[in-house]
>>> print(open('work-v8.pdb').read())   # PDB, C-alpha atoms, pLDDT in the B column
ATOM      1  CA  MET C   9       3.295  -9.731 -10.268  1.00 96.00           C
ATOM      2  CA  ILE C  10       4.104  -9.054  -6.629  1.00 97.00           C
ATOM      3  CA  VAL C  11       1.743 -10.049  -3.820  1.00 98.00           C
ATOM      4  CA  PHE C  12       2.104  -7.687  -0.853  1.00 98.00           C
ATOM      5  CA  PRO C  13       0.557  -9.036   2.361  1.00 98.00           C
ATOM      6  CA  ALA C  14      -0.485  -6.063   4.468  1.00 97.00           C
ATOM      7  CA  ILE C  15       0.156  -5.217   8.086  1.00 98.00           C
ATOM      8  CA  ASP C  16      -1.827  -2.185   9.226  1.00 96.00           C
ATOM      9  CA  LEU C  17      -0.802  -0.796  12.606  1.00 97.00           C
ATOM     10  CA  LYS C  18      -3.046   0.918  15.143  1.00 96.00           C
ATOM     11  CA  ALA C  19      -1.784   1.431  18.698  1.00 96.00           C
ATOM     12  CA  GLY C  20       0.865  -1.222  18.081  1.00 96.00           C
ATOM     13  CA  GLN C  21      -1.654  -3.860  17.034  1.00 97.00           C
ATOM     14  CA  VAL C  22      -2.281  -5.552  13.702  1.00 96.00           C
ATOM     15  CA  VAL C  23      -5.681  -4.394  12.454  1.00 94.00           C
ATOM     16  CA  ARG C  24      -7.811  -4.073   9.345  1.00 86.00           C
ATOM     17  CA  LEU C  25     -10.212  -1.230   8.756  1.00 81.00           C
ATOM     18  CA  ALA C  26     -13.504  -1.254   6.882  1.00 71.00           C
ATOM     19  CA  GLU C  27     -13.583   1.451   4.174  1.00 62.00           C
ATOM     20  CA  GLY C  28     -10.728   3.288   5.882  1.00 61.00           C
ATOM     21  CA  ASP C  29     -12.790   4.024   9.005  1.00 69.00           C
ATOM     22  CA  MET C  30     -10.623   4.021  12.158  1.00 80.00           C
ATOM     23  CA  ASP C  31     -13.724   3.336  14.254  1.00 78.00           C
ATOM     24  CA  ARG C  32     -14.341   0.114  12.306  1.00 84.00           C
ATOM     25  CA  ALA C  33     -11.084  -1.643  13.080  1.00 84.00           C
ATOM     26  CA  THR C  34     -10.802  -5.392  13.575  1.00 91.00           C
ATOM     27  CA  VAL C  35      -7.805  -6.458  15.667  1.00 93.00           C
ATOM     28  CA  TYR C  36      -5.960  -9.504  14.339  1.00 93.00           C
ATOM     29  CA  GLY C  37      -2.981  -9.589  16.678  1.00 95.00           C
ATOM     30  CA  ASP C  38      -0.712  -7.708  19.055  1.00 96.00           C
ATOM     31  CA  ASP C  39       2.640  -8.884  17.674  1.00 98.00           C
ATOM     32  CA  PRO C  40       3.326  -7.284  14.267  1.00 98.00           C
ATOM     33  CA  ALA C  41       6.801  -8.823  14.022  1.00 98.00           C
ATOM     34  CA  ALA C  42       5.402 -12.314  14.516  1.00 98.00           C
ATOM     35  CA  GLN C  43       2.833 -11.642  11.804  1.00 98.00           C
ATOM     36  CA  ALA C  44       5.593 -10.504   9.448  1.00 98.00           C
ATOM     37  CA  MET C  45       7.480 -13.745  10.125  1.00 98.00           C
ATOM     38  CA  LEU C  46       4.379 -15.801   9.324  1.00 98.00           C
ATOM     39  CA  PHE C  47       4.051 -14.037   5.986  1.00 98.00           C
ATOM     40  CA  ALA C  48       7.738 -14.692   5.257  1.00 98.00           C
ATOM     41  CA  GLN C  49       7.290 -18.378   6.089  1.00 98.00           C
ATOM     42  CA  ALA C  50       4.439 -18.514   3.567  1.00 98.00           C
ATOM     43  CA  GLY C  51       6.824 -17.273   0.877  1.00 98.00           C
ATOM     44  CA  ALA C  52       6.323 -13.518   0.922  1.00 98.00           C
ATOM     45  CA  GLU C  53       9.317 -11.509  -0.237  1.00 98.00           C
ATOM     46  CA  TYR C  54       7.498  -8.185  -0.011  1.00 98.00           C
ATOM     47  CA  LEU C  55       5.433  -6.623   2.765  1.00 98.00           C
ATOM     48  CA  HIS C  56       3.166  -3.588   2.834  1.00 98.00           C
ATOM     49  CA  VAL C  57       3.042  -1.835   6.219  1.00 98.00           C
ATOM     50  CA  VAL C  58       0.868   1.147   7.143  1.00 96.00           C
ATOM     51  CA  ASP C  59       1.102   3.261  10.285  1.00 97.00           C
ATOM     52  CA  LEU C  60      -2.596   4.115  10.483  1.00 94.00           C
ATOM     53  CA  ASP C  61      -2.191   6.394  13.484  1.00 94.00           C
ATOM     54  CA  GLY C  62       0.625   8.147  11.651  1.00 93.00           C
ATOM     55  CA  SER C  63      -1.650   8.808   8.673  1.00 86.00           C
ATOM     56  CA  PHE C  64      -3.786  11.037  10.876  1.00 85.00           C
ATOM     57  CA  ALA C  65      -0.998  12.484  13.018  1.00 88.00           C
ATOM     58  CA  GLY C  66       1.342  13.281  10.130  1.00 87.00           C
ATOM     59  CA  ARG C  67       4.267  11.620  11.904  1.00 91.00           C
ATOM     60  CA  ALA C  68       5.345   8.128  12.960  1.00 93.00           C
ATOM     61  CA  GLU C  69       3.121   6.771  15.719  1.00 96.00           C
ATOM     62  CA  ASN C  70       4.000   3.070  15.514  1.00 97.00           C
ATOM     63  CA  ARG C  71       7.743   3.334  15.099  1.00 97.00           C
ATOM     64  CA  GLU C  72       8.579   0.575  17.587  1.00 98.00           C
ATOM     65  CA  ALA C  73       6.288  -1.878  15.798  1.00 98.00           C
ATOM     66  CA  VAL C  74       7.710  -0.966  12.383  1.00 98.00           C
ATOM     67  CA  GLU C  75      11.273  -1.395  13.617  1.00 98.00           C
ATOM     68  CA  ALA C  76      10.364  -4.827  14.990  1.00 98.00           C
ATOM     69  CA  ILE C  77       8.900  -5.789  11.618  1.00 98.00           C
ATOM     70  CA  LEU C  78      12.043  -4.633   9.825  1.00 98.00           C
ATOM     71  CA  LYS C  79      14.161  -6.825  12.085  1.00 98.00           C
ATOM     72  CA  ALA C  80      11.903  -9.850  11.669  1.00 98.00           C
ATOM     73  CA  PHE C  81      11.101  -9.755   7.964  1.00 98.00           C
ATOM     74  CA  PRO C  82      13.922 -10.829   5.619  1.00 98.00           C
ATOM     75  CA  GLY C  83      12.417  -9.335   2.472  1.00 98.00           C
ATOM     76  CA  HIS C  84      11.420  -5.898   1.231  1.00 98.00           C
ATOM     77  CA  VAL C  85       9.206  -3.655   3.375  1.00 98.00           C
ATOM     78  CA  GLN C  86       7.082  -0.930   1.813  1.00 98.00           C
ATOM     79  CA  LEU C  87       5.926   1.605   4.437  1.00 98.00           C
ATOM     80  CA  GLY C  88       3.293   4.319   4.439  1.00 96.00           C
ATOM     81  CA  GLY C  89       1.486   6.478   6.955  1.00 93.00           C
ATOM     82  CA  GLY C  90       2.306  10.037   7.933  1.00 90.00           C
ATOM     83  CA  ILE C  91       5.681  10.264   6.182  1.00 94.00           C
ATOM     84  CA  ARG C  92       5.716  13.931   5.211  1.00 92.00           C
ATOM     85  CA  THR C  93       9.214  15.331   5.768  1.00 95.00           C
ATOM     86  CA  ALA C  94      12.583  14.762   4.119  1.00 97.00           C
ATOM     87  CA  GLU C  95      14.020  13.776   7.483  1.00 97.00           C
ATOM     88  CA  ALA C  96      11.356  11.107   7.981  1.00 97.00           C
ATOM     89  CA  VAL C  97      11.901   9.691   4.493  1.00 97.00           C
ATOM     90  CA  ALA C  98      15.682   9.476   4.946  1.00 98.00           C
ATOM     91  CA  ASP C  99      15.295   8.020   8.425  1.00 97.00           C
ATOM     92  CA  TRP C 100      13.105   5.154   7.262  1.00 98.00           C
ATOM     93  CA  PHE C 101      15.448   4.307   4.413  1.00 98.00           C
ATOM     94  CA  ASP C 102      18.340   4.306   6.858  1.00 98.00           C
ATOM     95  CA  LEU C 103      16.429   1.846   9.049  1.00 97.00           C
ATOM     96  CA  GLY C 104      15.951  -0.561   6.158  1.00 98.00           C
ATOM     97  CA  VAL C 105      12.629   0.291   4.533  1.00 98.00           C
ATOM     98  CA  SER C 106      12.777  -0.525   0.806  1.00 98.00           C
ATOM     99  CA  ARG C 107      10.076   1.882  -0.382  1.00 98.00           C
ATOM    100  CA  VAL C 108       8.191   4.761   1.192  1.00 98.00           C
ATOM    101  CA  VAL C 109       4.552   5.381   0.317  1.00 97.00           C
ATOM    102  CA  MET C 110       3.377   8.996   0.182  1.00 93.00           C
ATOM    103  CA  GLY C 111      -0.242  10.027  -0.267  1.00 84.00           C
ATOM    104  CA  THR C 112      -1.280  13.188   1.565  1.00 82.00           C
ATOM    105  CA  ALA C 113       2.078  14.806   0.826  1.00 86.00           C
ATOM    106  CA  ALA C 114       1.742  13.892  -2.852  1.00 86.00           C
ATOM    107  CA  LEU C 115      -1.487  15.871  -3.101  1.00 82.00           C
ATOM    108  CA  LYS C 116      -0.629  18.788  -0.862  1.00 85.00           C
ATOM    109  CA  ASP C 117       3.065  19.217  -1.655  1.00 93.00           C
ATOM    110  CA  PRO C 118       3.790  17.481  -4.972  1.00 93.00           C
ATOM    111  CA  ASP C 119       7.107  19.293  -5.481  1.00 96.00           C
ATOM    112  CA  PHE C 120       8.390  17.836  -2.213  1.00 97.00           C
ATOM    113  CA  VAL C 121       7.432  14.313  -3.268  1.00 96.00           C
ATOM    114  CA  LYS C 122       9.078  14.846  -6.652  1.00 97.00           C
ATOM    115  CA  ASP C 123      12.234  15.949  -4.849  1.00 97.00           C
ATOM    116  CA  MET C 124      12.131  12.781  -2.742  1.00 98.00           C
ATOM    117  CA  ALA C 125      11.617  10.638  -5.851  1.00 97.00           C
ATOM    118  CA  ARG C 126      14.685  12.201  -7.445  1.00 96.00           C
ATOM    119  CA  ALA C 127      16.718  11.832  -4.251  1.00 97.00           C
ATOM    120  CA  PHE C 128      15.686   8.183  -3.794  1.00 97.00           C
ATOM    121  CA  PRO C 129      15.138   6.796  -7.328  1.00 94.00           C
ATOM    122  CA  GLY C 130      12.794   3.844  -7.288  1.00 96.00           C
ATOM    123  CA  GLY C 131      12.164   4.304  -3.578  1.00 98.00           C
ATOM    124  CA  ILE C 132       9.000   6.420  -3.544  1.00 98.00           C
ATOM    125  CA  VAL C 133       5.508   5.053  -4.158  1.00 98.00           C
ATOM    126  CA  VAL C 134       2.702   7.576  -4.663  1.00 95.00           C
ATOM    127  CA  ALA C 135      -0.582   6.514  -3.077  1.00 89.00           C
ATOM    128  CA  VAL C 136      -3.589   7.435  -5.183  1.00 87.00           C
ATOM    129  CA  ASP C 137      -6.418   6.681  -2.800  1.00 79.00           C
ATOM    130  CA  ALA C 138      -9.837   7.250  -4.324  1.00 76.00           C
ATOM    131  CA  ARG C 139     -13.358   7.721  -3.138  1.00 68.00           C
ATOM    132  CA  ASP C 140     -15.765   7.978  -6.073  1.00 61.00           C
ATOM    133  CA  GLY C 141     -12.884   8.750  -8.415  1.00 58.00           C
ATOM    134  CA  MET C 142     -11.480  11.623  -6.364  1.00 62.00           C
ATOM    135  CA  VAL C 143      -8.264  11.608  -4.328  1.00 69.00           C
ATOM    136  CA  ALA C 144      -8.666  11.204  -0.557  1.00 63.00           C
ATOM    137  CA  THR C 145      -6.039  12.272   1.987  1.00 52.00           C
ATOM    138  CA  GLU C 146      -5.336  12.556   5.736  1.00 48.00           C
ATOM    139  CA  GLY C 147      -5.874   8.848   6.374  1.00 43.00           C
ATOM    140  CA  TRP C 148      -8.784   8.971   3.913  1.00 45.00           C
ATOM    141  CA  ALA C 149     -10.669  11.355   6.186  1.00 45.00           C
ATOM    142  CA  GLU C 150     -10.706  14.132   3.567  1.00 51.00           C
ATOM    143  CA  VAL C 151     -11.774  13.910  -0.074  1.00 56.00           C
ATOM    144  CA  SER C 152     -10.298  16.412  -2.535  1.00 56.00           C
ATOM    145  CA  ASP C 153     -11.629  17.706  -5.858  1.00 57.00           C
ATOM    146  CA  VAL C 154      -8.668  16.214  -7.738  1.00 74.00           C
ATOM    147  CA  PRO C 155      -9.418  13.306 -10.119  1.00 80.00           C
ATOM    148  CA  ILE C 156      -7.106  10.330  -9.625  1.00 83.00           C
ATOM    149  CA  ILE C 157      -5.698  10.446 -13.154  1.00 85.00           C
ATOM    150  CA  ASP C 158      -4.689  14.106 -12.734  1.00 86.00           C
ATOM    151  CA  MET C 159      -2.911  13.236  -9.499  1.00 86.00           C
ATOM    152  CA  ALA C 160      -1.130  10.272 -11.072  1.00 90.00           C
ATOM    153  CA  ARG C 161       0.145  12.199 -14.077  1.00 91.00           C
ATOM    154  CA  ARG C 162       1.872  14.753 -11.873  1.00 91.00           C
ATOM    155  CA  PHE C 163       4.437  12.128 -10.965  1.00 94.00           C
ATOM    156  CA  GLU C 164       5.324  10.659 -14.306  1.00 94.00           C
ATOM    157  CA  ASP C 165       9.001  10.827 -15.262  1.00 91.00           C
ATOM    158  CA  VAL C 166      10.371  12.005 -11.903  1.00 95.00           C
ATOM    159  CA  GLY C 167      11.687   8.682 -10.602  1.00 95.00           C
ATOM    160  CA  VAL C 168       8.597   7.426  -8.757  1.00 97.00           C
ATOM    161  CA  ALA C 169       8.645   3.631  -8.427  1.00 97.00           C
ATOM    162  CA  SER C 170       4.919   3.069  -8.833  1.00 97.00           C
ATOM    163  CA  LEU C 171       1.411   4.217  -8.015  1.00 96.00           C
ATOM    164  CA  LEU C 172      -0.588   2.539  -5.266  1.00 95.00           C
ATOM    165  CA  PHE C 173      -4.271   2.719  -6.159  1.00 92.00           C
ATOM    166  CA  THR C 174      -6.840   1.990  -3.477  1.00 86.00           C
ATOM    167  CA  ASP C 175     -10.589   2.028  -3.969  1.00 80.00           C
ATOM    168  CA  ILE C 176     -11.518   3.107  -0.434  1.00 71.00           C
ATOM    169  CA  GLY C 177     -15.107   1.945  -0.761  1.00 61.00           C
ATOM    170  CA  ARG C 178     -13.879  -1.615  -1.192  1.00 53.00           C
ATOM    171  CA  ASP C 179     -11.011  -1.609   1.285  1.00 49.00           C
ATOM    172  CA  GLY C 180     -11.488  -4.233   3.968  1.00 47.00           C
ATOM    173  CA  MET C 181     -14.919  -5.121   2.603  1.00 50.00           C
ATOM    174  CA  LEU C 182     -14.044  -8.290   0.641  1.00 63.00           C
ATOM    175  CA  LYS C 183     -16.114  -7.043  -2.306  1.00 69.00           C
ATOM    176  CA  GLY C 184     -13.464  -7.880  -4.869  1.00 81.00           C
ATOM    177  CA  CYS C 185     -10.757  -5.612  -6.212  1.00 87.00           C
ATOM    178  CA  ASN C 186     -11.813  -2.773  -8.530  1.00 88.00           C
ATOM    179  CA  ILE C 187      -9.884  -4.268 -11.423  1.00 90.00           C
ATOM    180  CA  GLU C 188     -11.459  -2.053 -14.083  1.00 90.00           C
ATOM    181  CA  ALA C 189     -10.447   1.201 -12.404  1.00 88.00           C
ATOM    182  CA  THR C 190      -6.991  -0.135 -11.528  1.00 92.00           C
ATOM    183  CA  VAL C 191      -6.221  -1.232 -15.070  1.00 93.00           C
ATOM    184  CA  ASP C 192      -7.658   1.975 -16.511  1.00 90.00           C
ATOM    185  CA  LEU C 193      -5.245   3.974 -14.350  1.00 91.00           C
ATOM    186  CA  ALA C 194      -2.317   1.781 -15.392  1.00 95.00           C
ATOM    187  CA  ARG C 195      -3.126   2.176 -19.066  1.00 95.00           C
ATOM    188  CA  ARG C 196      -3.459   5.951 -18.822  1.00 93.00           C
ATOM    189  CA  THR C 197      -0.114   6.566 -17.123  1.00 94.00           C
ATOM    190  CA  ASN C 198       3.430   5.390 -17.731  1.00 95.00           C
ATOM    191  CA  LEU C 199       3.889   4.257 -14.126  1.00 96.00           C
ATOM    192  CA  PRO C 200       3.353   0.721 -12.796  1.00 97.00           C
ATOM    193  CA  VAL C 201       0.284   0.394 -10.565  1.00 97.00           C
ATOM    194  CA  ILE C 202      -0.201  -1.612  -7.375  1.00 97.00           C
ATOM    195  CA  ALA C 203      -3.813  -2.644  -6.771  1.00 95.00           C
ATOM    196  CA  SER C 204      -5.331  -2.398  -3.309  1.00 91.00           C
ATOM    197  CA  GLY C 205      -8.735  -2.609  -1.690  1.00 86.00           C
ATOM    198  CA  GLY C 206     -11.297  -5.386  -1.599  1.00 86.00           C
ATOM    199  CA  VAL C 207      -9.286  -8.460  -2.593  1.00 92.00           C
ATOM    200  CA  LYS C 208     -11.423 -11.427  -1.613  1.00 90.00           C
ATOM    201  CA  GLY C 209      -9.768 -14.484  -3.132  1.00 93.00           C
ATOM    202  CA  LEU C 210      -7.624 -16.143  -5.775  1.00 95.00           C
ATOM    203  CA  ASP C 211      -9.820 -14.927  -8.626  1.00 94.00           C
ATOM    204  CA  ASP C 212      -8.735 -11.343  -7.944  1.00 94.00           C
ATOM    205  CA  ILE C 213      -5.083 -12.401  -7.938  1.00 96.00           C
ATOM    206  CA  ARG C 214      -5.466 -14.348 -11.184  1.00 96.00           C
ATOM    207  CA  MET C 215      -7.231 -11.529 -13.025  1.00 94.00           C
ATOM    208  CA  LEU C 216      -4.685  -8.933 -11.960  1.00 96.00           C
ATOM    209  CA  ALA C 217      -1.757 -11.208 -12.823  1.00 96.00           C
ATOM    210  CA  LEU C 218      -3.159 -11.711 -16.308  1.00 95.00           C
ATOM    211  CA  LEU C 219      -3.169  -7.925 -16.688  1.00 94.00           C
ATOM    212  CA  ALA C 220       0.406  -7.452 -15.496  1.00 95.00           C
ATOM    213  CA  ARG C 221       1.429  -6.592 -19.051  1.00 94.00           C
ATOM    214  CA  ASP C 222      -0.911  -3.598 -18.876  1.00 96.00           C
ATOM    215  CA  GLY C 223       1.137  -2.125 -16.049  1.00 96.00           C
ATOM    216  CA  ILE C 224      -0.088  -3.936 -12.931  1.00 97.00           C
ATOM    217  CA  GLU C 225       3.001  -4.371 -10.753  1.00 97.00           C
ATOM    218  CA  GLY C 226       1.410  -5.923  -7.712  1.00 97.00           C
ATOM    219  CA  VAL C 227      -1.545  -6.331  -5.390  1.00 97.00           C
ATOM    220  CA  ILE C 228      -1.963  -5.674  -1.679  1.00 96.00           C
ATOM    221  CA  THR C 229      -4.130  -8.006   0.345  1.00 95.00           C
ATOM    222  CA  GLY C 230      -5.033  -7.944   4.014  1.00 93.00           C
ATOM    223  CA  ARG C 231      -8.406  -8.990   5.384  1.00 92.00           C
ATOM    224  CA  ALA C 232      -8.767 -11.921   2.975  1.00 94.00           C
ATOM    225  CA  LEU C 233      -5.546 -13.360   4.419  1.00 97.00           C
ATOM    226  CA  TYR C 234      -6.463 -12.723   8.028  1.00 96.00           C
ATOM    227  CA  ASP C 235      -9.951 -14.163   7.607  1.00 94.00           C
ATOM    228  CA  GLY C 236      -8.607 -17.280   5.908  1.00 95.00           C
ATOM    229  CA  ARG C 237     -10.322 -16.598   2.579  1.00 95.00           C
ATOM    230  CA  LEU C 238      -7.021 -16.390   0.726  1.00 96.00           C
ATOM    231  CA  ASP C 239      -3.966 -18.597   1.152  1.00 98.00           C
ATOM    232  CA  LEU C 240      -0.829 -16.482   0.778  1.00 98.00           C
ATOM    233  CA  ALA C 241       1.351 -19.236  -0.671  1.00 98.00           C
ATOM    234  CA  ALA C 242      -1.323 -20.024  -3.262  1.00 97.00           C
ATOM    235  CA  ALA C 243      -1.694 -16.329  -4.103  1.00 98.00           C
ATOM    236  CA  ILE C 244       2.051 -15.928  -4.622  1.00 98.00           C
ATOM    237  CA  ALA C 245       2.142 -19.016  -6.824  1.00 97.00           C
ATOM    238  CA  MET C 246      -0.811 -17.737  -8.850  1.00 96.00           C
ATOM    239  CA  ALA C 247       0.823 -14.349  -9.336  1.00 96.00           C
ATOM    240  CA  GLU C 248       4.013 -15.979 -10.594  1.00 91.00           C
ATOM    241  CA  VAL C 249       2.489 -18.287 -13.193  1.00 75.00           C
ATOM    242  CA  ALA C 250      -0.603 -16.462 -14.491  1.00 59.00           C
TER     243      ALA C 250
END
>>> encode(input="work-v8.pdb", output="structure tokens")
Amino acid sequence: MIVFPAIDLKAGQVVRLAEGDMDRATVYGDDPAAQAMLFAQAGAEYLHVVDLDGSFAGRAENREAVEAILKAFPGHVQLGGGIRTAEAVADWFDLGVSRVVMGTAALKDPDFVKDMARAFPGGIVVAVDARDGMVATEGWAEVSDVPIIDMARRFEDVGVASLLFTDIGRDGMLKGCNIEATVDLARRTNLPVIASGGVKGLDDIRMLALLARDGIEGVITGRALYDGRLDLAAAIAMAEVA
């Protein structure tokens, strides 16, 4: 199972939000590239980066910071946040991003996302962000009437790499990952699922790793790392041996 340390970008700074609320951001640093290097030194081969401002604007707002991360981090970078055009997708791949995460576009223009998945096989991750079981979009500011499983099944068998499932109510809250909902989604689709939201320690990593055979590809963790509640090297080791 892959452990993805997260770097969320707001106005060029490394932040973490509470429950996806931009007004509840905690700043953890002003050098995203340096943070990426620290994660690499701890053994990370994968990185999850989100342009939070871009999620609301619908276009890249932290491009300079992302480019600096790409230059600094020797592994694979997975990027999301406001990527909603074919030109933007191609541009990020050209710059060295390994996978592009699409959420709002996946709900509002699923045919476009399917086209991107076919054009870049294994390069598109569909974000299934949920609030009370329903898909949320526009940086989680809007909640739709689409159940998460219905959203997920739209993208089976079109070349999507995986689903990224986030329980928004737990994100940044250190309440523990919603393992039950994550595994349920993985079992009900034929796509691998990346867990996100609420990871608070090694127990979450261990439980998810033990369920990798059920379709759990990885887990994203942010605040637990920044607050010192989770050691990244230990998490990676746990994910590899569980």
>>> resolve_selection(input="work-v8.pdb", expression="the PyMOL selection byres ((chain C and resi 205-217) around 10)", output="ChimeraX atom specification")
/C:9-11,26-28,137,173-188,190-191,202-204,218-233,235-240,242-250
>>> atom_distance(input="work-v8.pdb", atom1="atom CA of Ala127 of chain C", atom2="atom CA of Val97 of chain C")
10.2 Å
>>> axis_aligned_box(input="work-v8.pdb", around="segment 52-62 of chain C", padding_each_side="5 Å", output="lines of an AutoDock Vina configuration file")
center_x = 3.4
center_y = -2.7
center_z = 6.6
size_x = 21.9
size_y = 31.7
size_z = 23.7
>>> resolve_selection(input="work-v8.pdb", expression="the PyMOL selection byres ((chain C and resi 158-160) around 12)", output="NGL selection string")
:C and (111-118 or 133-138 or 141-145 or 152-157 or 161-166 or 168 or 170-173 or 190 or 192-201)
>>> atom_distance(input="work-v8.pdb", atom1="atom CA of Ala94 of chain C", atom2="atom CA of Ile132 of chain C")
11.9 Å
>>> atom_distance(input="work-v8.pdb", atom1="atom CA of Asp102 of chain C", atom2="atom CA of Gly37 of chain C")
27.3 Å
>>> closest_residue(input="work-v8.pdb", among="C:Phe64, C:Phe12, C:Trp100, C:Phe128", to="Met30 of chain C", atoms="all atoms listed in the file")
C:Phe64
>>> residues_around(input="work-v8.pdb", residues="Asp99 of chain C", least_positions_apart="5", cutoff="12 Å", atoms="all atoms listed in the file", output="list in words")
Ala68, Arg71, Glu75, Ile91, Arg92, Thr93, Ala94, Gly104, Val105, Ser106, Arg107 and Val108 of chain C
>>> closest_residue(input="work-v8.pdb", among="C:Val85, C:Gly51, C:Arg32, C:Asp61", to="Ala14 of chain C", atoms="only C-alpha atoms")
C:Val85
>>> closest_residue(input="work-v8.pdb", among="C:Asp123, C:Glu95, C:Glu53, C:Asp31", to="Gly83 of chain C", atoms="all atoms listed in the file")
C:Glu53
>>> closest_residue(input="work-v8.pdb", among="C:Leu60, C:Ala80, C:Asp119, C:Gly130", to="Leu46 of chain C", atoms="all atoms listed in the file")
C:Ala80
>>> decode(input="work-v8.pdb", residues="segment 102-113 of chain C", atoms="C-alpha atoms", output="PDB file, in the first residue's frame")
ATOM      1  CA  ASP C 102       4.468  17.673 -19.605  1.00  0.00           C
ATOM      2  CA  LEU C 103       5.891  19.322 -16.481  1.00  0.00           C
ATOM      3  CA  GLY C 104       6.380  15.970 -14.775  1.00  0.00           C
ATOM      4  CA  VAL C 105       3.241  15.275 -12.757  1.00  0.00           C
ATOM      5  CA  SER C 106       2.650  11.509 -12.563  1.00  0.00           C
ATOM      6  CA  ARG C 107      -1.110  11.583 -11.966  1.00  0.00           C
ATOM      7  CA  VAL C 108      -3.789  14.248 -12.163  1.00  0.00           C
ATOM      8  CA  VAL C 109      -6.689  14.242  -9.716  1.00  0.00           C
ATOM      9  CA  MET C 110     -10.072  15.401 -11.011  1.00  0.00           C
ATOM     10  CA  GLY C 111     -13.114  15.915  -8.810  1.00  0.00           C
ATOM     11  CA  THR C 112     -15.411  18.760  -9.836  1.00  0.00           C
ATOM     12  CA  ALA C 113     -14.866  17.972 -13.512  1.00  0.00           C
TER      13      ALA C 113
END
